[in-house]
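**Student:** Below is a structure I'd like to ask you about.
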There are 2 protein chains.
Amino acid sequence: MPEAMNWSTENCTISRTMEILGEKWTFHVLREVFVGVRRFEDIRARANIPRQVLTDRLTALIDRGLLRREAYRIPGQRERYEYRLTQAGLDLYPVMVALVHWGDQYLPLDSGPPLSPEHRGCGGKVTVTLQCDAGHVPTPREVAFRPGPGATRRKVS
Amino acid sequence: MPEAMNWSTENCTISRTMEILGEKWTFHVLREVFVGVRRFEDIRARANIPRQVLTDRLTALIDRGLLRREAYRIPGQRERYEYRLTQAGLDLYPVMVALVHWGDQYLPLDSGPPLSPEHRGCGGKVTVTLQCDAGHVPTPREVAFRPGPGATRRKVS
DNA sequence: TTGGCTGAGTCTGTCAAGCAGACTTATCCT
DNA sequence: AGGATAAGTCTGCTTGACAGACTCAGCCAA
């Protein structure tokens, strides 16, 4: 029996994270904001999201602190709102880059990646690397999820 | 107008990736397999997934090449099946580690992280780092998604 | 050899979510 | 005053999630 069977899944980090990020369209919304598209109608049209769903997702992302709603005004036009990443949102960069990297590897387009993360200024391509705090760079097979300090035991029948 | 508005979202990598990973419960299933839980009934009970949904997700993940179904037999018992990560599945490690890291930072438990990625053997904690190919380690704010070779122009009204 | 147990599902009916398309509101421009 | 536009809300339909009962095969014990 795998060792993990002894540990509870009650409040697993993946569950808690997926409560926010796991709904349909959430990553599409985030993608738009990450590439700099910040207005309701632009996001809706580009990502092809049903309006009602976009409203729900934006509200949820604001409630959870990933986005903030900010008024802006183009001179000579009325006030509008745009949605911008908070620090919590920005810190999803590693997740986004890792997802895009995986997608480009396993679901490639003939024409190459349509989206490419770059280091501003230096212009180098950005990737994401596994790194252990002893300085090693492990391959996936050399990594394992273990119970951490917050793990609780589980009754296993 | 943000520059990204000129580029199509037709076949964006995030969209194509989310077609596989974006359904409800998919990441819960992956979590179980990542921590070493591989049998239908164990996954179902630990993650609390409706049976029908688990069947659907496992089938989809096999079709898409992230899992494979493998027969095994405990001596003196009949043949059973287990679900194991393929290389494509294993290569989601950076995504999983990044998600868990983000969750532990922004949705922390008082008791600490319940799940902790470790380097097998050395035992060091594993994290995920943004890195540009010139060797820099950029902060999120220094990274930007740009159109890559596969990007196509978009008619913008 | 019958009856029970278990793992791995399928089947059925209910309920929530996603969806398309029409409608609404406020503000600006002409 | 009339029209355009951004950012929504409203309505009815369809799909997906869900709980709980049922199935089925193979082994085990009496």
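Residues are named by chain letter and number: chains run A, B, ... in the order of the structure tokens, numbers start at 1 in each chain, and ligands are numbered from 1 in the order shown.
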Using only C-alpha atoms (C1' of nucleotides), determine which residues lie at most 12 Å from DT30 of chain C, disregarding the query and same-chain residues fewer than 5 positions distant; provide the list as a ChimeraX atom specification.

**Tutor:** /D:1-4

**Student:** I want to know what sits within 12 Å of DT10 of chain C, based on only C-alpha atoms (C1' of nucleotides), with residues of the same chain fewer than 2 positions away left out; could you give that as a list of chain:residue names?

**Tutor:**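 Using only C-alpha atoms (C1' of nucleotides), the neighbours found are B:Arg51, B:Gln52, B:Val53, B:Thr55, B:Asp56, C:DA8, C:DT12, D:DA21, D:DC22, D:DT23, D:DC24.
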
**Student:** Per residue of chain A within 8 Å of chain D, note the shortest atom pair and the distance in Å to one decimal, counting only C-alpha atoms (C1' of nucleotides), and order the rows by chain and increasing residue number, as JSON lines.

**Tutor:**
```
{"residue": "A:Phe40", "atom": "CA", "partner": "D:DA7", "partner_atom": "C1'", "distance": 6.8}
{"residue": "A:Glu41", "atom": "CA", "partner": "D:DA6", "partner_atom": "C1'", "distance": 6.8}
{"residue": "A:Thr55", "atom": "CA", "partner": "D:DG8", "partner_atom": "C1'", "distance": 8.0}
{"residue": "A:Arg80", "atom": "CA", "partner": "D:DA6", "partner_atom": "C1'", "distance": 7.7}
```

**Student:** Compute the chain A side of the contact with chain C at 8 Å, counting only C-alpha atoms (C1' of nucleotides), and hand it back as a PyMOL selection string.

**Tutor:** chain A and resi 50+53+76-78

**Student:** Rank nothing, just name the residue among A:Thr59, A:Thr9, A:Arg64, A:Leu85 nearest to chain B, using only C-alpha atoms.

**Tutor:**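 Once distances to chain B are computed over only C-alpha atoms, the minimum belongs to A:Thr9.
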
**Student:** Can you list, as a list in words, every residue of segment 87-146 of chain B that DSSP puts in helix (DSSP H, G or I)?

**Tutor:**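 After running DSSP on the backbone, segment 87-146 of chain B has helix (DSSP H, G or I) at Gln87, Ala88, Gly89, Leu90, Tyr93, Pro94, Val95, Met96, Val97, Ala98, Leu99, Val100, His101, Trp102, Gly103, Asp104, Gln105, Tyr106, Pro140, Arg141 and Glu142 of chain B.
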
**Student:** For atom CA of Asp63 of chain A and atom CA of Val143 of chain B, quote the distance in Å rounded to one decimal.

**Tutor:**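 Atom CA of Val143 of chain B lies 25.1 Å from atom CA of Asp63 of chain A.
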
**Student:** For the atom pair atom CA of Val35 of chain B and atom CA of Arg16 of chain B, what is the interatomic distance in Å to one decimal place?

**Tutor:**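 Distance between the two atoms: 25.7 Å.
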
**Student:** With only C-alpha atoms (C1' of nucleotides) as the counted atoms, please give the residues lying no more than 8 Å from segment 145-153 of chain A, apart from itself and same-chain residues fewer than 4 positions off, as an MDAnalysis selection string.

**Tutor:** (chainID A and resid 4 6:8) or (chainID B and resid 34:35 109:118)

**Student:** Please save N, CA and C atoms of the selected residues as a CSV table (one decimal), in the first residue's frame.

**Tutor:**
```csv
chain,number,residue,atom,x,y,z
A,4,ALA,N,1.2,7.2,1.0
A,4,ALA,CA,0.3,8.4,1.0
A,4,ALA,C,-1.1,8.0,1.5
A,6,ASN,N,-1.9,6.8,4.1
A,6,ASN,CA,-2.0,7.1,5.5
A,6,ASN,C,-2.3,8.5,5.8
A,7,TRP,N,-2.2,9.4,4.8
A,7,TRP,CA,-2.3,10.8,5.0
A,7,TRP,C,-3.6,11.4,4.5
A,8,SER,N,-4.2,12.3,5.2
A,8,SER,CA,-5.5,12.8,4.9
A,8,SER,C,-5.4,13.7,3.7
B,34,PHE,N,0.2,11.4,-8.4
B,34,PHE,CA,1.5,11.9,-8.1
B,34,PHE,C,2.0,11.5,-6.7
B,35,VAL,N,1.1,11.4,-5.8
B,35,VAL,CA,1.6,10.9,-4.4
B,35,VAL,C,1.6,9.4,-4.3
B,109,LEU,N,-2.3,27.0,5.6
B,109,LEU,CA,-2.9,26.5,6.8
B,109,LEU,C,-2.0,26.9,8.0
B,110,ASP,N,-2.7,27.0,9.1
B,110,ASP,CA,-2.0,27.3,10.4
B,110,ASP,C,-0.9,26.3,10.6
B,111,SER,N,-1.2,25.1,10.3
B,111,SER,CA,-0.3,24.0,10.6
B,111,SER,C,0.9,23.8,9.6
B,112,GLY,N,0.9,24.6,8.6
B,112,GLY,CA,1.9,24.5,7.6
B,112,GLY,C,1.5,23.6,6.4
B,113,PRO,N,2.3,23.6,5.4
B,113,PRO,CA,2.0,22.9,4.2
B,113,PRO,C,1.7,21.4,4.4
B,114,PRO,N,0.6,20.8,3.9
B,114,PRO,CA,0.4,19.4,4.1
B,114,PRO,C,1.2,18.5,3.1
B,115,LEU,N,1.7,19.1,2.1
B,115,LEU,CA,2.3,18.4,1.0
B,115,LEU,C,3.6,19.1,0.7
B,116,SER,N,4.7,18.4,0.6
B,116,SER,CA,6.0,19.1,0.4
B,116,SER,C,6.8,18.3,-0.6
B,117,PRO,N,7.1,19.0,-1.7
B,117,PRO,CA,7.9,18.3,-2.7
B,117,PRO,C,9.4,18.2,-2.3
B,118,GLU,N,9.9,17.0,-2.4
B,118,GLU,CA,11.3,16.7,-1.9
B,118,GLU,C,12.1,16.1,-3.1
```

**Student:** For segment 123-130 of chain B, work out the shell of residues within 7 Å, counting only C-alpha atoms (C1' of nucleotides) and skipping chain neighbours fewer than 3 positions away, then give it as a list of chain:residue names.

**Tutor:** A:Pro94, A:Val126, A:Thr127, A:Val128, A:Thr129, A:Leu130, A:Gln131, A:Cys132, A:Asp133, A:Ala134, B:Pro94, B:Val97, B:Ala98, B:Pro117, B:Glu118, B:His119, B:Arg120, B:Val137, B:Pro138

**Student:** Deliver the residues from the most recent selection as a file, using N, CA and C atoms, as an mmCIF file, in the first residue's frame.

**Tutor:**
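result-v4.cif, freshly written:
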```
data_model
loop_
_atom_site.group_PDB
_atom_site.id
_atom_site.type_symbol
_atom_site.label_atom_id
_atom_site.label_comp_id
_atom_site.auth_asym_id
_atom_site.auth_seq_id
_atom_site.Cartn_x
_atom_site.Cartn_y
_atom_site.Cartn_z
ATOM 1 N N PRO A 94 4.959 31.567 -12.374
ATOM 2 C CA PRO A 94 5.557 30.236 -12.543
ATOM 3 C C PRO A 94 4.550 29.187 -13.012
ATOM 4 N N VAL A 126 12.053 32.757 -21.085
ATOM 5 C CA VAL A 126 11.950 32.355 -19.684
ATOM 6 C C VAL A 126 11.344 30.956 -19.587
ATOM 7 N N THR A 127 11.973 30.121 -18.803
ATOM 8 C CA THR A 127 11.398 28.807 -18.513
ATOM 9 C C THR A 127 11.333 28.647 -17.003
ATOM 10 N N VAL A 128 10.837 27.503 -16.593
ATOM 11 C CA VAL A 128 10.654 27.253 -15.191
ATOM 12 C C VAL A 128 11.468 25.990 -14.866
ATOM 13 N N THR A 129 12.165 26.009 -13.754
ATOM 14 C CA THR A 129 13.045 24.895 -13.420
ATOM 15 C C THR A 129 12.760 24.376 -12.028
ATOM 16 N N LEU A 130 12.781 23.055 -11.894
ATOM 17 C CA LEU A 130 12.726 22.461 -10.564
ATOM 18 C C LEU A 130 14.091 22.625 -9.912
ATOM 19 N N GLN A 131 14.076 22.985 -8.640
ATOM 20 C CA GLN A 131 15.337 23.205 -7.968
ATOM 21 C C GLN A 131 15.203 22.809 -6.504
ATOM 22 N N CYS A 132 16.156 22.064 -5.994
ATOM 23 C CA CYS A 132 16.057 21.701 -4.584
ATOM 24 C C CYS A 132 16.950 22.627 -3.779
ATOM 25 N N ASP A 133 16.668 22.763 -2.493
ATOM 26 C CA ASP A 133 17.358 23.820 -1.757
ATOM 27 C C ASP A 133 18.810 23.460 -1.426
ATOM 28 N N ALA A 134 19.239 22.285 -1.843
ATOM 29 C CA ALA A 134 20.671 22.005 -1.817
ATOM 30 C C ALA A 134 21.329 22.402 -3.142
ATOM 31 N N PRO B 94 6.633 20.324 -12.712
ATOM 32 C CA PRO B 94 6.780 21.767 -12.469
ATOM 33 C C PRO B 94 5.440 22.467 -12.241
ATOM 34 N N VAL B 97 4.230 21.470 -8.682
ATOM 35 C CA VAL B 97 5.037 22.118 -7.650
ATOM 36 C C VAL B 97 4.725 23.612 -7.584
ATOM 37 N N ALA B 98 4.559 24.229 -8.752
ATOM 38 C CA ALA B 98 4.249 25.664 -8.772
ATOM 39 C C ALA B 98 2.891 25.937 -8.147
ATOM 40 N N PRO B 117 7.131 18.958 -1.693
ATOM 41 C CA PRO B 117 7.930 18.275 -2.711
ATOM 42 C C PRO B 117 9.392 18.179 -2.288
ATOM 43 N N GLU B 118 9.929 16.980 -2.375
ATOM 44 C CA GLU B 118 11.318 16.750 -1.945
ATOM 45 C C GLU B 118 12.146 16.110 -3.053
ATOM 46 N N HIS B 119 13.430 16.379 -2.985
ATOM 47 C CA HIS B 119 14.378 15.719 -3.871
ATOM 48 C C HIS B 119 14.681 14.341 -3.275
ATOM 49 N N ARG B 120 14.317 13.285 -3.984
ATOM 50 C CA ARG B 120 14.578 11.925 -3.496
ATOM 51 C C ARG B 120 16.070 11.774 -3.229
ATOM 52 N N VAL B 137 17.424 35.271 -13.076
ATOM 53 C CA VAL B 137 16.273 34.739 -12.344
ATOM 54 C C VAL B 137 15.292 35.880 -12.127
ATOM 55 N N PRO B 138 14.428 36.101 -13.101
ATOM 56 C CA PRO B 138 13.568 37.282 -13.050
ATOM 57 C C PRO B 138 12.449 37.156 -12.024
#
```

**Student:** Counting only C-alpha atoms (C1' of nucleotides), what is within 8 Å of Tyr72 of chain B, bar same-chain residues fewer than 2 positions away, as a PyMOL selection string?

**Tutor:** chain B and resi 70+74+79-82

**Student:** For Gly65 of chain B, please output as a VMD selection string all residues within 9 Å (counting only C-alpha atoms (C1' of nucleotides); exclusion window: fewer than 6 positions along the same chain).

**Tutor:** chain B and resid 85 to 89

**Student:** Write out the residues from the selection above, keeping N, CA and C atoms, as a PDB file, in the first residue's frame.

**Tutor:**
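Saved result, again18.pdb, follows:
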```pdb
ATOM      1  N   LEU B  85       1.505   7.377 -14.104  1.00  0.00           N
ATOM      2  CA  LEU B  85       1.902   8.514 -14.930  1.00  0.00           C
ATOM      3  C   LEU B  85       2.775   8.060 -16.089  1.00  0.00           C
ATOM      4  N   THR B  86       2.509   8.592 -17.255  1.00  0.00           N
ATOM      5  CA  THR B  86       3.440   8.455 -18.378  1.00  0.00           C
ATOM      6  C   THR B  86       4.501   9.554 -18.251  1.00  0.00           C
ATOM      7  N   GLN B  87       5.404   9.609 -19.220  1.00  0.00           N
ATOM      8  CA  GLN B  87       6.389  10.695 -19.182  1.00  0.00           C
ATOM      9  C   GLN B  87       5.694  12.055 -19.290  1.00  0.00           C
ATOM     10  N   ALA B  88       4.698  12.124 -20.170  1.00  0.00           N
ATOM     11  CA  ALA B  88       3.951  13.387 -20.298  1.00  0.00           C
ATOM     12  C   ALA B  88       3.328  13.785 -18.966  1.00  0.00           C
ATOM     13  N   GLY B  89       2.813  12.812 -18.254  1.00  0.00           N
ATOM     14  CA  GLY B  89       2.245  13.094 -16.941  1.00  0.00           C
ATOM     15  C   GLY B  89       3.305  13.549 -15.961  1.00  0.00           C
TER      16      GLY B  89
END
```
